[in-house]
2 protein chains.
Amino acid sequence: MKDHEGLTDLAHGPKVGARGFWKPNSRVGVIGGHGEMGRLFTNFFKDLGCRVDIADVDTERTGREVLEDSDVVLFAVPLHETVKIIGDLVPYVRPDQLLMDVTSLKVGPVREMLRSSAAVVGLHPMFGGRIATLAGQTLVACPVRISPESWGDIRDLFIQKGIRVKECTPEEHDRMMSIIQVLFHMTTMLVGRVLRELSVDIAETMEFTSPSYRLEINLLGRMFAQNGALYSAISQMNPYTKDILSSLMQGLSSYQEWYQGQDLDAFMRDFQKSAEHLGDFCSRAYEESSAVLDFGVRLARLNGGP
Amino acid sequence: MKDHEGLTDLAHGPKVGARGFWKPNSRVGVIGGHGEMGRLFTNFFKDLGCRVDIADVDTERTGREVLEDSDVVLFAVPLHETVKIIGDLVPYVRPDQLLMDVTSLKVGPVREMLRSSAAVVGLHPMFGGRIATLAGQTLVACPVRISPESWGDIRDLFIQKGIRVKECTPEEHDRMMSIIQVLFHMTTMLVGRVLRELSVDIAETMEFTSPSYRLEINLLGRMFAQNGALYSAISQMNPYTKDILSSLMQGLSSYQEWYQGQDLDAFMRDFQKSAEHLGDFCSRAYEESSAVLDFGVRLARLNGGP
């Protein structure tokens, strides 16, 4: 990792440098290595034969010590603290290092890593730390400052494990996540809030359940079984959340207006327009979700449900 | 079906009358028999050996003719037209008949059927007309004016097919559906609207997909593959929709306020409070949804997806 030629700032045009960011004996430092995602990537690197050092709130070694001893540094810390933790360590980063992070937003963390002179790749694993296998999972990657060769070597490590690697810019990533994550998480959070505000007894609703409802309420419960700080930060900190909130508010205001005016036709037209926008996707979604729902019915019976 | 003693108004205390609403040779009239749900119940009755007559927009026989020739009349017409269609036929109903409907709301249709002097049972199948099997499905039933014995005979027919029958009053039903259907359908409709307003390309989002997102967007697409008039009417016509809309609006306003104030803690507290309200359900939901998501990943690979 002493090879400065490996560094390339894509913003200034890619330069083909010598390879070598990634060697079987690379020293990898995982900042936040005791969290779910940190443990997953620690195991990933160890399987490759790397020496992995961990810094976390409960380790003796500090983030700075681990960083200074590493060729590759991976930040796997809570989203709402990521920028600050990276920023605090940037002064100690060498140009011969590679910095990566695995947080759910990319614009902020990548911008902070670029303040160093190291190579920089932002990563967003589209899976949780508790998955059974990496095969078939998606990893979004923003190789913003690294030679194509060096990045290619790293990308291949993921691909060999069966991971799909989707490349994009940090801005493209965050815009896309404002749909995939913010829009869906925020509405799920909102539905959870309504269930609470109206004191709904979930067990009671399950007696009336359809397979769709059972699946929907299970997906809702799944979110609330997980890390509230993460889901809150994903929703709150995305630079495009403003657009999502505005569009949700505009839609809900229309619904309230149509409801008060008993304008059923307006609801039907709105439904139809959305169906047209979604197009052919809807019938494919119907087929695939039918198979999933059938599986859910069988599973529910095993679990003693309806 | 000439036995008036079979009629019991539960509102005035159940009277035990002679049985006989249901015989293998009963004449069943299905108003709206050419729709999905009408066809499903037509087959159900025919399997039991009943003679089934159908009235629909494309039949020669009118609703009145079919009704007058029937012992049991089943209304399987579009939700937003149900009350009117029942109301138009009420003058021709005899006290020795049994009226049932299979629409998604119960207060309005049942009230209209009660204007006749016939026995009345409101039904809400918690499944679509295209399901593969009735076994394991839930049927909500409001046996509002019928002797316990007669209702017991009918209920057993459903139970023998593996259907779970959940009894409640029309008011309990509609209140419960304001959660199970209105809350979930309306937010799904809202998310679909946002996808349209922001011109989101679903195929593009799928390149970034996680298993959860794939399932969520499939469930959304599933709704838009179906009957817009039905989903709109379910959401618009439920007597408790007002409460749902108010609670959604209140929640979304809070989110916007917290977002503008960059109050991440408020999001986290809200998330935590909802998680506490849902309680133990969350961990069970996590387990069950994990199995469903694993199935979804395998299915997606078969379907050429990530």
# chains A, B, ... in the order shown; residues from 1 in each chain; ligands from 1

call {"tool": "select_by_dssp", "arguments": {"residues": "region 66-238 of chain B", "states": "alpha helix (DSSP H)", "output": "MDAnalysis selection string"}}
result
chainID B and resid 66:68 79:89 107:114 148:160 170:177 184:197 202:206 211:224 228:237

call {"tool": "write_last_selection", "arguments": {"atoms": "C-alpha atoms", "output": "short mmCIF file (atom, residue, chain, number, x, y, z; two decimals), in the first residue's frame"}}
result
data_model
loop_
_atom_site.label_atom_id
_atom_site.label_comp_id
_atom_site.auth_asym_id
_atom_site.auth_seq_id
_atom_site.Cartn_x
_atom_site.Cartn_y
_atom_site.Cartn_z
CA VAL B 66 -83.45 -14.07 -10.30
CA LEU B 67 -84.26 -12.79 -6.81
CA GLU B 68 -87.89 -13.83 -7.04
CA LEU B 79 -68.77 -1.98 -3.68
CA HIS B 80 -69.67 1.53 -4.76
CA GLU B 81 -72.93 0.27 -6.30
CA THR B 82 -73.91 -2.30 -3.68
CA VAL B 83 -76.23 -0.20 -1.54
CA LYS B 84 -78.13 1.10 -4.56
CA ILE B 85 -78.51 -2.35 -6.15
CA ILE B 86 -79.75 -3.90 -2.90
CA GLY B 87 -82.08 -0.94 -2.31
CA ASP B 88 -83.63 -1.29 -5.78
CA LEU B 89 -84.44 -4.97 -5.11
CA VAL B 107 -72.44 -1.26 7.77
CA GLY B 108 -74.00 0.19 4.59
CA PRO B 109 -74.91 -3.03 2.70
CA VAL B 110 -76.24 -4.80 5.84
CA ARG B 111 -78.38 -1.79 6.81
CA GLU B 112 -79.87 -1.85 3.31
CA MET B 113 -80.57 -5.61 3.40
CA LEU B 114 -82.23 -5.18 6.84
CA PRO B 148 -78.29 -19.46 15.40
CA GLU B 149 -79.18 -22.88 13.98
CA SER B 150 -79.64 -21.65 10.41
CA TRP B 151 -76.48 -19.61 10.61
CA GLY B 152 -74.64 -22.58 12.09
CA ASP B 153 -75.64 -24.70 9.09
CA ILE B 154 -74.32 -22.11 6.65
CA ARG B 155 -71.17 -21.45 8.61
CA ASP B 156 -70.38 -25.17 8.58
CA LEU B 157 -70.45 -25.17 4.77
CA PHE B 158 -67.60 -22.67 4.74
CA ILE B 159 -65.70 -24.39 7.53
CA GLN B 160 -65.89 -27.70 5.66
CA PRO B 170 -71.00 -4.71 10.90
CA GLU B 171 -69.61 -1.83 12.97
CA GLU B 172 -66.75 -3.94 14.35
CA HIS B 173 -66.03 -5.10 10.82
CA ASP B 174 -65.84 -1.65 9.29
CA ARG B 175 -63.74 -0.31 12.17
CA MET B 176 -61.30 -3.21 11.75
CA MET B 177 -61.19 -2.76 7.97
CA PHE B 184 -52.69 0.04 4.27
CA HIS B 185 -54.37 0.58 0.90
CA MET B 186 -54.43 4.35 1.24
CA THR B 187 -50.74 4.57 2.09
CA THR B 188 -49.92 2.18 -0.77
CA MET B 189 -52.01 4.33 -3.09
CA LEU B 190 -50.14 7.36 -1.77
CA VAL B 191 -46.73 5.77 -2.39
CA GLY B 192 -47.84 4.87 -5.92
CA ARG B 193 -48.85 8.47 -6.45
CA VAL B 194 -45.46 9.72 -5.25
CA LEU B 195 -43.67 7.30 -7.60
CA ARG B 196 -45.75 8.77 -10.43
CA GLU B 197 -45.35 12.41 -9.39
CA ILE B 202 -39.30 1.13 -11.33
CA ALA B 203 -36.91 -0.90 -13.50
CA GLU B 204 -34.10 1.46 -12.51
CA THR B 205 -34.88 1.13 -8.81
CA MET B 206 -34.81 -2.66 -9.15
CA PRO B 211 -35.09 -8.30 -0.92
CA SER B 212 -37.34 -6.12 1.28
CA TYR B 213 -37.73 -3.45 -1.36
CA ARG B 214 -38.44 -6.01 -4.06
CA LEU B 215 -41.22 -7.47 -1.90
CA GLU B 216 -42.62 -4.05 -0.99
CA ILE B 217 -42.69 -2.80 -4.56
CA ASN B 218 -44.20 -6.10 -5.70
CA LEU B 219 -47.01 -5.73 -3.16
CA LEU B 220 -47.54 -2.17 -4.38
CA GLY B 221 -47.60 -3.28 -8.03
CA ARG B 222 -50.02 -6.04 -7.02
CA MET B 223 -52.54 -3.50 -5.79
CA PHE B 224 -52.30 -1.43 -8.96
CA GLY B 228 -59.11 0.55 -8.97
CA ALA B 229 -62.82 1.11 -8.39
CA LEU B 230 -62.80 -1.46 -5.58
CA TYR B 231 -59.70 -0.12 -3.85
CA SER B 232 -60.93 3.45 -4.18
CA ALA B 233 -64.35 2.58 -2.78
CA ILE B 234 -62.88 0.57 0.11
CA SER B 235 -60.76 3.57 1.08
CA GLN B 236 -63.31 6.27 0.46
CA MET B 237 -66.53 4.70 1.73
#

call {"tool": "residues_around", "arguments": {"residues": "Leu74 (chain B)", "least_positions_apart": "4", "cutoff": "6 Å", "atoms": "only C-alpha atoms", "output": "ChimeraX atom specification"}}
result
/B:30,100-101

call {"tool": "write_last_selection", "arguments": {"atoms": "C-alpha atoms", "output": "tab-separated table (two decimals), in the first residue's frame"}}
result
chain	number	residue	atom	x	y	z
B	30	VAL	CA	-76.16	-14.52	-7.49
B	100	MET	CA	-76.21	-12.23	1.86
B	101	ASP	CA	-73.62	-9.94	0.31

call {"tool": "select_by_dssp", "arguments": {"residues": "region 41-163 of chain A", "states": "strand (DSSP E or B)", "output": "ChimeraX atom specification"}}
result
/A:51-55,72-75,98-101,119-125,138-145

call {"tool": "residues_around", "arguments": {"residues": "Tyr259 (chain A)", "least_positions_apart": "2", "cutoff": "10 Å", "atoms": "only C-alpha atoms", "output": "mmCIF file with N, CA and C atoms, in the first residue's frame"}}
result
data_model
loop_
_atom_site.group_PDB
_atom_site.id
_atom_site.type_symbol
_atom_site.label_atom_id
_atom_site.label_comp_id
_atom_site.auth_asym_id
_atom_site.auth_seq_id
_atom_site.Cartn_x
_atom_site.Cartn_y
_atom_site.Cartn_z
ATOM 1 N N SER A 253 -53.049 15.516 1.186
ATOM 2 C CA SER A 253 -53.980 16.655 1.181
ATOM 3 C C SER A 253 -55.063 16.455 0.124
ATOM 4 N N SER A 254 -54.656 15.962 -1.041
ATOM 5 C CA SER A 254 -55.644 15.690 -2.094
ATOM 6 C C SER A 254 -56.639 14.628 -1.625
ATOM 7 N N TYR A 255 -56.121 13.579 -0.991
ATOM 8 C CA TYR A 255 -57.008 12.513 -0.525
ATOM 9 C C TYR A 255 -58.032 13.064 0.468
ATOM 10 N N GLN A 256 -57.540 13.925 1.365
ATOM 11 C CA GLN A 256 -58.446 14.481 2.357
ATOM 12 C C GLN A 256 -59.520 15.353 1.689
ATOM 13 N N GLU A 257 -59.108 16.111 0.704
ATOM 14 C CA GLU A 257 -60.035 16.978 -0.035
ATOM 15 C C GLU A 257 -61.090 16.124 -0.760
ATOM 16 N N GLY A 261 -65.084 15.885 -0.007
ATOM 17 C CA GLY A 261 -66.037 16.191 -1.086
ATOM 18 C C GLY A 261 -66.758 14.948 -1.599
ATOM 19 N N GLN A 262 -66.522 13.793 -0.950
ATOM 20 C CA GLN A 262 -67.130 12.518 -1.391
ATOM 21 C C GLN A 262 -66.915 12.295 -2.887
ATOM 22 N N ASP A 263 -65.690 12.605 -3.338
ATOM 23 C CA ASP A 263 -65.376 12.526 -4.763
ATOM 24 C C ASP A 263 -64.682 11.194 -5.065
ATOM 25 N N LEU A 264 -65.489 10.141 -5.178
ATOM 26 C CA LEU A 264 -64.939 8.804 -5.429
ATOM 27 C C LEU A 264 -64.238 8.748 -6.783
ATOM 28 N N ALA A 266 -62.453 10.969 -8.224
ATOM 29 C CA ALA A 266 -61.089 11.508 -8.148
ATOM 30 C C ALA A 266 -60.129 10.433 -7.646
ATOM 31 N N PHE A 267 -60.552 9.654 -6.644
ATOM 32 C CA PHE A 267 -59.729 8.534 -6.156
ATOM 33 C C PHE A 267 -59.469 7.541 -7.284
ATOM 34 N N SER B 235 -61.438 2.498 0.336
ATOM 35 C CA SER B 235 -60.763 3.565 1.083
ATOM 36 C C SER B 235 -61.685 4.743 1.352
ATOM 37 N N GLN B 236 -62.495 5.065 0.385
ATOM 38 C CA GLN B 236 -63.314 6.270 0.457
ATOM 39 C C GLN B 236 -64.579 6.061 1.283
ATOM 40 N N MET B 237 -65.176 4.881 1.193
ATOM 41 C CA MET B 237 -66.534 4.703 1.726
ATOM 42 C C MET B 237 -66.605 4.151 3.141
ATOM 43 N N THR B 241 -62.894 6.095 7.782
ATOM 44 C CA THR B 241 -61.773 6.628 6.993
ATOM 45 C C THR B 241 -61.335 8.002 7.496
ATOM 46 N N LYS B 242 -62.294 8.771 7.991
ATOM 47 C CA LYS B 242 -61.981 10.106 8.496
ATOM 48 C C LYS B 242 -60.892 10.046 9.580
ATOM 49 N N LEU B 245 -57.462 9.163 7.980
ATOM 50 C CA LEU B 245 -56.879 10.302 7.269
ATOM 51 C C LEU B 245 -56.347 11.349 8.249
#

call {"tool": "residues_around", "arguments": {"residues": "Gly128 (chain A)", "least_positions_apart": "4", "cutoff": "10 Å", "atoms": "only C-alpha atoms", "output": "PyMOL selection string"}}
result
(chain A and resi 36-37+40+132+137+226) or (chain B and resi 210)

call {"tool": "closest_residue", "arguments": {"among": "A:Arg145, A:His124, A:Lys161, A:His34", "to": "chain B", "atoms": "only C-alpha atoms"}}
result
A:His124

call {"tool": "closest_residue", "arguments": {"among": "B:Cys282, B:Pro78, B:Gln97, B:Asp47", "to": "Asn227 (chain A)", "atoms": "only C-alpha atoms"}}
result
B:Cys282
